[in-house]
Amino acid sequence: MIRNLNNQLATPNSDLEISNKDYRSLNLELNRSYGRLERSNKELLIFNKQINTQNIRSMDGEDGLRTLIAQAPIAMMLVKGEDFIVTMANAPMLELLGRDEAIIGKPLFEELPELIGQPAANKLIATYKDGRERAQSSAPVTLQRKGKLEEGYFNFNYAPYIEGGRVTGVIDMALEVTAQVLTIREREERLAEKMILEETLRSSEQRLQGILETMAEGVGIIDLTGQLVYANPTAQQILGLSQSEIKDRTYDDPKWQNLRLDGSPLPQEEHPMSIMMRTKKPVFDYEIGVQPPDRDRLYISINAAPILSQDGQLTGGIGTFMDVTTRRMMSQDKDDFISIASHELKTPVTSLKASLQLLERSHGRLSEERRVKLVSQSIRSVETLSKLINDLLDTSRMEKGQVKLDKKVFPLTDLFKYCKASLEAAISKKIVINCEHAIRINADEQQIGQVLINFITNAVKYAPQSPQIIIQVTKVGDQEIKVSVKDFGPGIAQEKLTHLFERYYRTEYSGQKFSGLGLGLYISSEIIKSHGGQIGAISEIGKGSEFWFTLPVK
């Protein structure tokens, strides 16, 4: 794409001027060729008129006609009878036919069999039969000349030869115009090519503009000084600047700090546009960071190519770029996840290992109370490890679309009682459930229970001072129900709410970072979406948080 744009940008405007000049010249030459062909036609018509006048006067017999044909400046011959015997033929006619005087006195179509069936021969035969004069300009005729068949173009006129009041032959007058016709044809083709070229050049700017305006990549064009002279709409969108604002900048404008991927300042000579301008060679997929003065940092991948004149001189550069911030963030998320997972998995494994080693080495010397405590600690470590592993497996299955729903109809109150009983032994919070007994849903009970338990454990984890946790169920019209879990903890900042359901996202409360992989809410979100519902969170600092989801009733 960048090479094609470069080629189009490098086309000089003078090409259109050259095309117009050639167009005018070709038009003039073509008109001259048409004029020469028209003059040839007029000469033939004038001479034909003279012949017809003489023919009417009977030409003082064949002797007068023979003299006229012999002295004629154009090709002429007389054929007589139904066999079209060549009775007279002057030197121009013999040269035109590629024959000599040996054909005189012989049937025309025996001597020139290649004429049989051709339109020109058919017109000659028709003139003999009906006595009507016929003429044609630039007629194609194939003749055997110099040992090979050649197609030529001729102006011809067939006049009936009358003796005793009846047609006894045909006077053939011909003028070869092959050179003129081929010249005209060649010039018409050249003129057509020039007209196409002119149209192509005339529309190239509009076509290029259309390409640039609709590209999914940002495009910026700079001059020799590095000044931006053009930026397409995608470039304006990526950079968050208008066309006029962009034109006030250079690609290395200090107002926008360019960065290496490690966050250190990018030297001007390392910028891909600088490398391209210095080497006159393209640069591909060069990724840099950009820090605007009033926006979050973004990352862009740049392709840069030089714009060269016809003599190879550098006239500027073109850069295409795309916003790869999401890709870069995903890569960073992956690195963060590996770091988090390593730490989170290491903690329960280390605790489990320590407990088991202590039990193994000192089992006989430990009190019953101490052994029970170590076993309980080991079980908690295994449960923690199991949850981490299950979260990872659930995430993997969801990404591959392998999670299957085992739906059935059940009352919501049964699910709440189960979740409450499962959690109350482990938490000291009071769980209040507000739900109508009649509400029944068609869903995967185990998965919806997983979402609900996740909401409740998060409320306990992140709102330890909340006196109670309220589970509220409300109907939304006739088709949906809404389930919410509300706490009265410190709340969540608004800028963090939109990220809560992202994979690997972990938030902080009052500067404290909690353990976990950041997958619980992501998994909950995918479960609810697979049921055709919606999920979200409402929070206000100091007033607690409410996590909710909706489900179709049927």
# chains A, B, ... in the order shown; residues from 1 in each chain; ligands from 1
$ select_by_dssp --residues "stretch 103-142 of chain A" --states "helix (DSSP H, G or I)" --output "JSON, numbers by chain"
{"A": [103, 108, 109, 110, 111, 113, 114, 115, 119, 120, 121, 122, 123, 124, 125, 126, 127, 128, 129, 130]}
$ residues_around --residues "stretch 139-153 of chain A" --least-positions-apart "4" --cutoff "10 Å" --atoms "only C-alpha atoms" --output "list in words"
Glu95, Leu96, Leu97, Gly98, Arg99, Leu112, Pro113, Glu114, Leu115, Gln118, Pro119, Ala120, Ala121, Ala135, Leu175, Glu176, Val177, Thr178, Ala179, Gln180, Val181 and Leu182 of chain A
$ closest_residue --among "A:Arg440, A:Phe156, A:Glu186, A:Asp323" --to "A:Pro411" --atoms "only C-alpha atoms"
A:Arg440
$ atom_distance --atom1 "atom CA of A:Leu356" --atom2 "atom CA of A:Thr457"
27.8 Å
$ residues_around --residues "A:Phe416" --least-positions-apart "5" --cutoff "9 Å" --atoms "only C-alpha atoms" --output "ChimeraX atom specification"
/A:421,433,449,452,471
$ write_last_selection --atoms "all heavy atoms" --output "mmCIF file, in the first residue's frame"
data_model
loop_
_atom_site.group_PDB
_atom_site.id
_atom_site.type_symbol
_atom_site.label_atom_id
_atom_site.label_comp_id
_atom_site.auth_asym_id
_atom_site.auth_seq_id
_atom_site.Cartn_x
_atom_site.Cartn_y
_atom_site.Cartn_z
ATOM 1 N N ALA A 421 -25.652 -20.379 52.728
ATOM 2 C CA ALA A 421 -25.177 -21.452 53.612
ATOM 3 C C ALA A 421 -23.705 -21.755 53.360
ATOM 4 O O ALA A 421 -22.941 -22.045 54.288
ATOM 5 C CB ALA A 421 -26.023 -22.702 53.399
ATOM 6 N N ILE A 433 -31.342 -11.182 52.131
ATOM 7 C CA ILE A 433 -31.859 -11.547 50.806
ATOM 8 C C ILE A 433 -33.274 -11.007 50.659
ATOM 9 O O ILE A 433 -34.159 -11.307 51.471
ATOM 10 C CB ILE A 433 -31.866 -13.075 50.617
ATOM 11 C CG1 ILE A 433 -30.444 -13.625 50.742
ATOM 12 C CG2 ILE A 433 -32.456 -13.437 49.258
ATOM 13 C CD1 ILE A 433 -30.378 -15.140 50.706
ATOM 14 N N GLY A 449 -24.673 -19.479 40.240
ATOM 15 C CA GLY A 449 -24.204 -19.523 41.626
ATOM 16 C C GLY A 449 -22.768 -19.057 41.734
ATOM 17 O O GLY A 449 -22.387 -18.361 42.693
ATOM 18 N N LEU A 452 -22.804 -15.278 41.624
ATOM 19 C CA LEU A 452 -23.323 -14.714 42.865
ATOM 20 C C LEU A 452 -22.305 -14.834 44.005
ATOM 21 O O LEU A 452 -22.072 -13.874 44.748
ATOM 22 C CB LEU A 452 -24.623 -15.423 43.249
ATOM 23 C CG LEU A 452 -25.443 -14.791 44.374
ATOM 24 C CD1 LEU A 452 -25.829 -13.361 44.025
ATOM 25 C CD2 LEU A 452 -26.667 -15.636 44.658
ATOM 26 N N ILE A 471 -28.612 -8.761 49.140
ATOM 27 C CA ILE A 471 -28.899 -9.326 47.811
ATOM 28 C C ILE A 471 -30.332 -8.931 47.470
ATOM 29 O O ILE A 471 -31.276 -9.295 48.185
ATOM 30 C CB ILE A 471 -28.761 -10.857 47.816
ATOM 31 C CG1 ILE A 471 -27.330 -11.259 48.196
ATOM 32 C CG2 ILE A 471 -29.126 -11.420 46.449
ATOM 33 C CD1 ILE A 471 -27.143 -12.759 48.348
#
$ residues_around --residues "A:Gln227" --least-positions-apart "3" --cutoff "7 Å" --atoms "only C-alpha atoms" --output "number ranges by chain"
A: 222-223, 249-251
$ write_last_selection --atoms "N, CA and C atoms" --output "PDB file, in the first residue's frame"
ATOM      1  N   ILE A 222       5.061  14.548   4.638  1.00  0.00           N
ATOM      2  CA  ILE A 222       5.931  15.638   5.073  1.00  0.00           C
ATOM      3  C   ILE A 222       6.749  16.151   3.894  1.00  0.00           C
ATOM      4  N   ASP A 223       7.209  17.400   4.010  1.00  0.00           N
ATOM      5  CA  ASP A 223       8.104  17.939   2.986  1.00  0.00           C
ATOM      6  C   ASP A 223       9.549  17.726   3.427  1.00  0.00           C
ATOM      7  N   ARG A 249       2.524  21.178  12.856  1.00  0.00           N
ATOM      8  CA  ARG A 249       3.502  20.351  13.555  1.00  0.00           C
ATOM      9  C   ARG A 249       4.490  19.736  12.584  1.00  0.00           C
ATOM     10  N   THR A 250       5.639  19.372  13.125  1.00  0.00           N
ATOM     11  CA  THR A 250       6.567  18.504  12.420  1.00  0.00           C
ATOM     12  C   THR A 250       6.438  17.122  13.045  1.00  0.00           C
ATOM     13  N   TYR A 251       6.983  16.111  12.353  1.00  0.00           N
ATOM     14  CA  TYR A 251       6.821  14.753  12.872  1.00  0.00           C
ATOM     15  C   TYR A 251       7.541  14.558  14.211  1.00  0.00           C
TER      16      TYR A 251
END
$ residues_around --residues "A:Glu133" --least-positions-apart "5" --cutoff "8 Å" --atoms "only C-alpha atoms" --output "list in words"
Thr127, Asn157, Tyr158, Ala159 and Pro160 of chain A
$ write_last_selection --atoms "all heavy atoms" --output "PDB file, in the first residue's frame"
ATOM      1  N   THR A 127     -22.066  -4.662 -60.471  1.00  0.00           N
ATOM      2  CA  THR A 127     -22.091  -3.562 -61.449  1.00  0.00           C
ATOM      3  C   THR A 127     -22.291  -4.096 -62.866  1.00  0.00           C
ATOM      4  O   THR A 127     -23.028  -3.507 -63.665  1.00  0.00           O
ATOM      5  CB  THR A 127     -20.794  -2.752 -61.358  1.00  0.00           C
ATOM      6  OG1 THR A 127     -20.690  -2.180 -60.052  1.00  0.00           O
ATOM      7  CG2 THR A 127     -20.758  -1.641 -62.388  1.00  0.00           C
ATOM      8  N   ASN A 157     -13.874   2.675 -57.750  1.00  0.00           N
ATOM      9  CA  ASN A 157     -15.111   3.041 -58.414  1.00  0.00           C
ATOM     10  C   ASN A 157     -15.311   2.083 -59.579  1.00  0.00           C
ATOM     11  O   ASN A 157     -14.411   1.853 -60.382  1.00  0.00           O
ATOM     12  CB  ASN A 157     -15.043   4.487 -58.915  1.00  0.00           C
ATOM     13  CG  ASN A 157     -16.348   4.940 -59.518  1.00  0.00           C
ATOM     14  OD1 ASN A 157     -16.664   4.622 -60.651  1.00  0.00           O
ATOM     15  ND2 ASN A 157     -17.105   5.708 -58.754  1.00  0.00           N
ATOM     16  N   TYR A 158     -16.486   1.478 -59.635  1.00  0.00           N
ATOM     17  CA  TYR A 158     -16.836   0.588 -60.737  1.00  0.00           C
ATOM     18  C   TYR A 158     -17.889   1.282 -61.603  1.00  0.00           C
ATOM     19  O   TYR A 158     -18.973   1.640 -61.104  1.00  0.00           O
ATOM     20  CB  TYR A 158     -17.414  -0.733 -60.226  1.00  0.00           C
ATOM     21  CG  TYR A 158     -16.456  -1.542 -59.378  1.00  0.00           C
ATOM     22  CD1 TYR A 158     -16.873  -2.111 -58.179  1.00  0.00           C
ATOM     23  CD2 TYR A 158     -15.139  -1.741 -59.782  1.00  0.00           C
ATOM     24  CE1 TYR A 158     -16.016  -2.871 -57.408  1.00  0.00           C
ATOM     25  CE2 TYR A 158     -14.267  -2.492 -59.016  1.00  0.00           C
ATOM     26  CZ  TYR A 158     -14.704  -3.049 -57.827  1.00  0.00           C
ATOM     27  OH  TYR A 158     -13.840  -3.788 -57.062  1.00  0.00           O
ATOM     28  N   ALA A 159     -17.545   1.461 -62.902  1.00  0.00           N
ATOM     29  CA  ALA A 159     -18.481   2.082 -63.847  1.00  0.00           C
ATOM     30  C   ALA A 159     -18.812   1.069 -64.948  1.00  0.00           C
ATOM     31  O   ALA A 159     -17.912   0.379 -65.460  1.00  0.00           O
ATOM     32  CB  ALA A 159     -17.868   3.340 -64.469  1.00  0.00           C
ATOM     33  N   PRO A 160     -20.082   0.934 -65.307  1.00  0.00           N
ATOM     34  CA  PRO A 160     -20.441  -0.012 -66.382  1.00  0.00           C
ATOM     35  C   PRO A 160     -19.872   0.450 -67.733  1.00  0.00           C
ATOM     36  O   PRO A 160     -19.879   1.651 -68.039  1.00  0.00           O
ATOM     37  CB  PRO A 160     -21.964   0.009 -66.353  1.00  0.00           C
ATOM     38  CG  PRO A 160     -22.325   1.339 -65.785  1.00  0.00           C
ATOM     39  CD  PRO A 160     -21.249   1.674 -64.807  1.00  0.00           C
TER      40      PRO A 160
END
$ residues_around --residues "A:Ile453" --least-positions-apart "5" --cutoff "10 Å" --atoms "only C-alpha atoms" --output "count of residues only"
12
$ closest_residue --among "A:Gln268, A:Gln357, A:Asn232, A:Ser539" --to "A:Gly319" --atoms "only C-alpha atoms"
A:Asn232
$ atom_distance --atom1 "atom CA of A:Gln291" --atom2 "atom CA of A:Gln257"
5.1 Å
$ atom_distance --atom1 "atom CA of A:Gln377" --atom2 "atom CA of A:Val451"
26.0 Å
$ closest_residue --among "A:Leu197, A:Ile538, A:Ile300, A:Leu261" --to "A:Thr326" --atoms "only C-alpha atoms"
A:Ile300
